[in-house]
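So this block is my_file.cif, mmCIF, C-alpha atoms:
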```cif
data_coords
#
loop_
_atom_site.label_atom_id
_atom_site.label_comp_id
_atom_site.auth_asym_id
_atom_site.auth_seq_id
_atom_site.Cartn_x
_atom_site.Cartn_y
_atom_site.Cartn_z
CA MET A 1472 117.94 130.10 93.72
CA ILE A 1473 119.44 126.66 93.09
CA LYS A 1474 121.54 125.39 95.95
CA ASP A 1475 125.16 124.83 95.07
CA ASN A 1476 125.39 121.27 96.34
CA SER A 1477 126.99 118.64 94.17
CA SER A 1478 125.33 115.83 96.14
CA THR A 1479 121.82 117.09 95.39
CA ILE A 1480 120.14 114.81 92.87
CA LEU A 1481 116.67 116.37 92.79
CA SER A 1482 115.59 119.86 93.82
CA ILE A 1483 111.94 120.84 93.44
CA GLN A 1484 111.20 124.51 94.06
CA ASN A 1485 107.71 125.92 94.50
CA LEU A 1486 106.32 123.56 91.86
CA THR A 1487 102.76 124.17 90.70
CA ALA A 1488 100.92 122.08 88.13
CA ALA A 1489 97.49 121.45 86.69
CA VAL A 1490 95.52 118.87 84.72
CA ASP A 1491 92.90 120.24 82.30
CA ASP A 1492 93.37 123.64 83.98
CA ILE A 1493 92.53 122.18 87.40
CA PRO A 1494 95.33 122.98 89.90
CA ILE A 1495 96.82 119.84 91.46
CA LEU A 1496 100.22 120.84 92.82
CA LYS A 1497 100.21 124.13 94.70
CA GLY A 1498 103.80 124.83 95.66
CA VAL A 1499 105.85 121.68 96.26
CA ASN A 1500 109.35 122.03 97.69
CA LEU A 1501 111.60 118.99 98.01
CA GLU A 1502 115.32 118.26 97.97
CA ILE A 1503 116.79 114.78 97.62
CA LYS A 1504 120.50 114.12 97.95
CA ALA A 1505 122.60 111.17 96.85
CA GLY A 1506 122.29 108.19 99.16
CA GLU A 1507 118.89 109.26 100.50
CA ILE A 1508 115.52 107.53 100.48
CA HIS A 1509 112.46 109.77 100.75
CA ALA A 1510 108.88 108.61 101.19
CA ILE A 1511 105.77 110.62 100.38
CA MET A 1512 102.48 109.71 102.03
CA GLY A 1513 99.05 111.31 101.92
CA ARG A 1514 95.40 110.85 101.17
CA ASN A 1515 94.10 109.96 97.73
CA GLY A 1516 94.09 113.05 95.55
CA SER A 1517 96.75 114.89 97.52
CA GLY A 1518 99.11 115.08 94.51
CA LYS A 1519 101.56 112.26 95.23
CA SER A 1520 101.30 110.43 91.92
CA THR A 1521 100.99 113.70 90.02
CA LEU A 1522 104.37 114.72 91.42
CA SER A 1523 105.97 111.47 90.26
CA LYS A 1524 104.56 111.82 86.76
CA ILE A 1525 105.68 115.43 86.43
CA ILE A 1526 109.24 114.52 87.44
CA SER A 1527 109.28 111.82 84.77
CA GLY A 1528 107.74 114.11 82.13
CA HIS A 1529 104.19 112.83 81.62
CA PRO A 1530 102.63 115.07 78.91
CA ALA A 1531 99.14 115.16 80.49
CA TYR A 1532 100.32 117.45 83.29
CA GLN A 1533 100.89 121.17 82.79
CA VAL A 1534 103.58 122.78 84.93
CA THR A 1535 102.37 126.28 85.76
CA GLY A 1536 105.25 127.45 87.95
CA GLY A 1537 108.40 126.52 89.82
CA GLU A 1538 111.36 124.38 88.91
CA VAL A 1539 112.44 120.74 88.81
CA ILE A 1540 116.24 120.55 88.93
CA TYR A 1541 117.90 117.18 88.32
CA LYS A 1542 121.64 116.96 88.94
CA GLY A 1543 121.96 120.74 88.67
CA GLU A 1544 119.94 121.15 85.47
CA SER A 1545 116.32 122.10 84.85
CA ILE A 1546 114.44 119.23 83.19
CA LEU A 1547 111.04 120.79 82.58
CA GLU A 1548 111.78 121.28 78.88
CA LYS A 1549 113.14 117.76 78.43
CA GLU A 1550 111.09 114.95 76.88
CA PRO A 1551 110.30 111.85 78.97
CA ASP A 1552 112.82 109.72 77.08
CA GLU A 1553 115.55 112.32 77.68
CA ARG A 1554 114.82 112.25 81.40
CA ALA A 1555 114.89 108.45 81.42
CA LEU A 1556 118.20 108.34 79.56
CA ALA A 1557 119.61 110.86 82.02
CA GLY A 1558 118.86 108.44 84.87
CA ILE A 1559 115.30 109.05 86.08
CA PHE A 1560 113.29 105.86 86.47
CA LEU A 1561 109.57 105.64 87.27
CA ALA A 1562 108.13 102.34 88.48
CA PHE A 1563 104.44 102.49 87.69
CA GLN A 1564 101.62 101.74 90.08
CA TYR A 1565 99.91 99.83 87.28
CA PRO A 1566 102.60 98.56 84.84
CA LEU A 1567 101.37 98.32 81.26
CA GLU A 1568 101.00 95.06 79.36
CA ILE A 1569 102.52 95.09 75.86
CA PRO A 1570 101.43 91.99 73.90
CA GLY A 1571 103.85 90.82 71.23
CA VAL A 1572 106.92 92.43 72.77
CA SER A 1573 109.00 89.96 74.73
CA ASN A 1574 110.18 90.99 78.15
CA LEU A 1575 113.76 90.15 77.18
CA ASP A 1576 113.69 92.25 74.01
CA PHE A 1577 112.15 95.19 75.86
CA LEU A 1578 114.84 95.11 78.52
CA ARG A 1579 117.64 94.72 75.98
CA VAL A 1580 116.47 97.67 73.87
CA ALA A 1581 116.09 99.87 76.96
CA TYR A 1582 119.51 98.86 78.27
CA ASN A 1583 121.27 99.44 74.96
CA ALA A 1584 119.58 102.81 74.55
CA SER A 1585 121.02 103.76 77.93
CA ARG A 1586 124.49 102.56 76.94
CA LYS A 1587 124.36 104.46 73.65
CA TYR A 1588 123.38 107.65 75.52
CA LYS A 1589 126.44 107.18 77.74
CA GLY A 1590 128.72 106.66 74.74
CA LEU A 1591 129.17 102.93 75.37
CA GLU A 1592 128.94 100.04 72.93
CA GLU A 1593 125.68 98.13 72.82
CA LEU A 1594 125.62 94.56 74.11
CA ASP A 1595 124.70 91.78 71.72
CA THR A 1596 121.91 89.35 72.55
CA PHE A 1597 124.17 86.75 74.15
CA ASP A 1598 126.07 89.16 76.37
CA PHE A 1599 122.84 90.79 77.46
CA GLU A 1600 121.32 87.45 78.39
CA ASP A 1601 124.35 86.77 80.58
CA LEU A 1602 123.87 90.13 82.25
CA ILE A 1603 120.18 89.77 82.89
CA ASN A 1604 120.54 86.28 84.28
CA GLN A 1605 122.84 87.78 86.91
CA LYS A 1606 120.11 90.29 87.83
CA LEU A 1607 117.22 87.82 88.11
CA ASP A 1608 118.21 86.78 91.62
CA ILE A 1609 117.62 90.32 92.86
CA VAL A 1610 113.87 89.82 92.41
CA GLN A 1611 113.79 86.01 92.52
CA MET A 1612 112.28 85.85 89.04
CA ASN A 1613 112.01 82.70 86.97
CA PRO A 1614 113.96 83.07 83.67
CA ALA A 1615 110.85 81.84 81.84
CA PHE A 1616 109.29 85.27 82.37
CA LEU A 1617 111.87 86.79 80.03
CA ASP A 1618 110.37 85.00 77.03
CA ARG A 1619 106.81 86.13 77.76
CA SER A 1620 105.22 89.30 76.40
CA LEU A 1621 105.94 92.29 78.63
CA ASN A 1622 103.73 91.99 81.72
CA GLU A 1623 101.08 90.03 79.79
CA GLY A 1624 99.46 87.50 82.11
CA PHE A 1625 101.74 88.53 84.98
CA SER A 1626 100.25 88.71 88.46
CA GLY A 1627 100.41 92.00 90.33
CA GLY A 1628 103.46 90.84 92.23
CA GLU A 1629 105.19 89.61 89.07
CA LYS A 1630 104.62 92.96 87.37
CA LYS A 1631 106.14 94.83 90.31
CA ARG A 1632 109.12 92.48 90.42
CA ASN A 1633 109.58 93.06 86.71
CA GLU A 1634 109.67 96.82 87.35
CA ILE A 1635 112.47 96.34 89.87
CA LEU A 1636 114.28 94.08 87.39
CA GLN A 1637 114.13 96.92 84.85
CA MET A 1638 115.58 99.24 87.45
CA ALA A 1639 118.35 96.74 88.25
CA ILE A 1640 119.29 96.65 84.56
CA LEU A 1641 119.15 100.41 83.95
CA GLU A 1642 120.79 101.48 87.25
CA PRO A 1643 119.11 104.91 87.43
CA THR A 1644 120.38 107.78 89.54
CA LEU A 1645 116.84 108.59 90.73
CA GLY A 1646 114.32 105.80 91.24
CA ILE A 1647 110.70 106.89 91.72
CA LEU A 1648 108.48 104.07 92.98
CA ASP A 1649 104.80 104.97 92.69
CA GLU A 1650 102.92 102.70 95.10
CA ILE A 1651 105.21 99.78 94.33
CA ASP A 1652 103.57 97.96 97.27
CA SER A 1653 100.05 98.23 95.85
CA GLY A 1654 98.38 94.82 95.54
CA LEU A 1655 101.35 92.85 96.90
CA ASP A 1656 101.05 90.01 99.39
CA ILE A 1657 103.58 89.91 102.17
CA ASP A 1658 106.00 87.58 100.36
CA ALA A 1659 105.98 89.66 97.17
CA LEU A 1660 106.40 92.82 99.23
CA ARG A 1661 109.51 91.42 100.89
CA ILE A 1662 111.00 90.40 97.55
CA VAL A 1663 110.33 93.76 95.94
CA ALA A 1664 111.61 95.70 98.95
CA ASN A 1665 114.72 93.55 99.18
CA GLY A 1666 115.38 94.25 95.50
CA VAL A 1667 115.19 97.99 96.11
CA ASN A 1668 117.49 97.71 99.11
CA GLN A 1669 120.07 95.84 97.05
CA LEU A 1670 120.06 98.60 94.44
CA THR A 1671 120.47 101.44 96.95
CA ASN A 1672 123.92 103.02 97.13
CA SER A 1673 125.68 106.28 97.93
CA GLU A 1674 125.41 107.51 94.33
CA ASN A 1675 121.67 107.16 93.77
CA ALA A 1676 118.44 108.14 95.51
CA PHE A 1677 114.87 106.89 95.78
CA LEU A 1678 111.49 108.54 96.12
CA LEU A 1679 108.81 106.17 97.44
CA ILE A 1680 105.14 107.04 97.10
CA THR A 1681 102.92 104.94 99.33
CA HIS A 1682 99.74 104.90 101.35
CA TYR A 1683 100.97 102.39 103.88
CA GLN A 1684 103.63 102.28 106.54
CA ARG A 1685 104.21 98.56 105.95
CA LEU A 1686 106.47 99.24 102.94
CA LEU A 1687 108.66 101.39 105.16
CA ASN A 1688 109.17 98.43 107.49
CA TYR A 1689 111.26 96.91 104.70
CA ILE A 1690 112.69 100.00 102.98
CA GLU A 1691 113.78 102.43 105.66
CA PRO A 1692 113.41 106.06 104.58
CA ASP A 1693 115.64 108.90 105.66
CA TYR A 1694 112.70 111.29 105.40
CA VAL A 1695 108.93 110.92 105.34
CA HIS A 1696 106.85 113.72 103.82
CA VAL A 1697 103.09 114.21 104.06
CA MET A 1698 101.26 115.74 101.11
CA TYR A 1699 97.95 117.50 101.48
CA ASP A 1700 96.09 119.55 98.90
CA GLY A 1701 99.06 119.69 96.54
CA LYS A 1702 101.74 120.62 99.06
CA ILE A 1703 104.18 118.94 101.40
CA VAL A 1704 102.86 120.04 104.78
CA LYS A 1705 104.88 117.91 107.17
CA THR A 1706 108.28 116.24 107.12
CA GLY A 1707 109.80 113.85 109.61
CA ASN A 1708 111.62 110.55 109.99
CA LYS A 1709 110.27 107.00 109.77
CA GLU A 1710 108.39 107.49 113.03
CA LEU A 1711 106.08 109.90 111.23
CA ALA A 1712 104.88 107.00 109.06
CA VAL A 1713 104.10 104.98 112.19
CA GLU A 1714 102.17 107.93 113.59
CA LEU A 1715 100.16 108.25 110.38
CA GLU A 1716 99.34 104.54 110.38
CA GLY A 1717 97.83 104.91 113.83
CA SER A 1718 96.08 108.27 113.58
CA GLY A 1719 95.47 108.83 109.88
CA TYR A 1720 95.41 112.29 108.35
CA ASP A 1721 92.84 113.96 110.56
CA PHE A 1722 95.47 116.42 111.79
CA LEU A 1723 95.51 118.01 108.32
CA VAL A 1724 93.00 120.76 109.00
CA PRO A 1725 92.59 123.51 106.38
CA GLN A 1726 94.55 126.17 108.29
CA GLU A 1727 97.63 123.95 108.17
CA VAL A 1728 97.74 123.95 104.39
CA GLY A 1729 100.61 126.06 103.19
CA LEU A 1730 102.71 125.48 106.29
CA GLU A 1731 105.59 123.07 106.11
CA VAL A 1732 106.23 121.52 109.51
CA VAL A 1733 109.54 119.77 110.13
CA ILE A 1734 109.98 117.44 113.10
#
```

Show the structure stored in the file as structure tokens.
Amino acid sequence: MIKDNSSTILSIQNLTAAVDDIPILKGVNLEIKAGEIHAIMGRNGSGKSTLSKIISGHPAYQVTGGEVIYKGESILEKEPDERALAGIFLAFQYPLEIPGVSNLDFLRVAYNASRKYKGLEELDTFDFEDLINQKLDIVQMNPAFLDRSLNEGFSGGEKKRNEILQMAILEPTLGILDEIDSGLDIDALRIVANGVNQLTNSENAFLLITHYQRLLNYIEPDYVHVMYDGKIVKTGNKELAVELEGSGYDFLVPQEVGLEVVI
């Protein structure tokens, strides 16, 4: 049953999924409300990134059971672009390079597609440039990057900042950040995290997927979840991330799989 809660942005119910008929998710349950930040941690192969891709509609993953409810509506039959237009944003762990497509043009087309979906007039080139120049400070990005091909020749930190810039332009209701801290030095991490914090408000929500507690020093989660073998097996507050940093995942013995522990 879907909970009747108008503040619930994402409700995942007993979600199972496979890749090439190999089960990956084995009964994920998760609820995210407006204004909340959730973090998912876990070993490699536990299903963290798979979950993010299924929410955003990646076609390589086969949902075999359960539901993904976004703002009160099932989205499993929706195409990835429909989900994006509805306000779901996925920041990739490894952002793609697209030679020949300027960063500015990419952002403008994405932004105007969002406005058209909402029944608003598109912005012309000049008005959009004014808008994006206001957003550059969020990620401390040099305007010269707007004229370069999308992510081509960008460092790891520059690619991640560009992802947050996209999010600042599109203003999604649900931001999913898949290992946004991967490959960042401490200065880039602070910039990216500060950008996320500036975009957080009472009307949206974020799902952070990370291996490391250090990201959560800068973006404070309301809830931390631990995934193991395709399930969320433990949920706590930010102190759980500190515990994991110190002790690792050795506590995840096989008999615990299938039990959700809340602290």

Selected residue of minimal separation from Ile1493 in chain A among A:Phe1625, A:Phe1577, A:Tyr1532, A:Phe1616, counting only C-alpha atoms
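Ranking A:Phe1625, A:Phe1577, A:Tyr1532, A:Phe1616 by distance to Ile1493 in chain A, first place goes to A:Tyr1532.
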
Distance of CA of Pro1530 in chain A from CA of Tyr1683 in chain A, expressed in Å to one decimal place:
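Computed distance, CA of Tyr1683 in chain A to CA of Pro1530 in chain A, equals 28.1 Å.
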
Min atom-atom distance to Met1698 in chain A from the set A:Ser1478, A:Ser1517, A:Gln1637, A:Thr1487, counting only C-alpha atoms, belongs to A:Ser1517

Once the PyMOL selection byres ((chain A and resi 1562-1574) around 7) is applied to the coordinates I shared, what remains selected? I want it as a list in words.
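Here the PyMOL selection byres ((chain A and resi 1562-1574) around 7) matches Phe1560, Leu1561, Leu1575, Asp1576, Phe1577, Leu1578, Leu1617, Asp1618, Arg1619, Ser1620, Leu1621, Asn1622, Glu1623, Lys1630, Glu1634, Ile1647, Leu1648, Asp1649, Glu1650, Ile1651 and Ser1653 of chain A.
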
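Taking CA of Ala1488 in chain A and CA of Glu1642 in chain A as the two end points, the separation is 28.6 Å.
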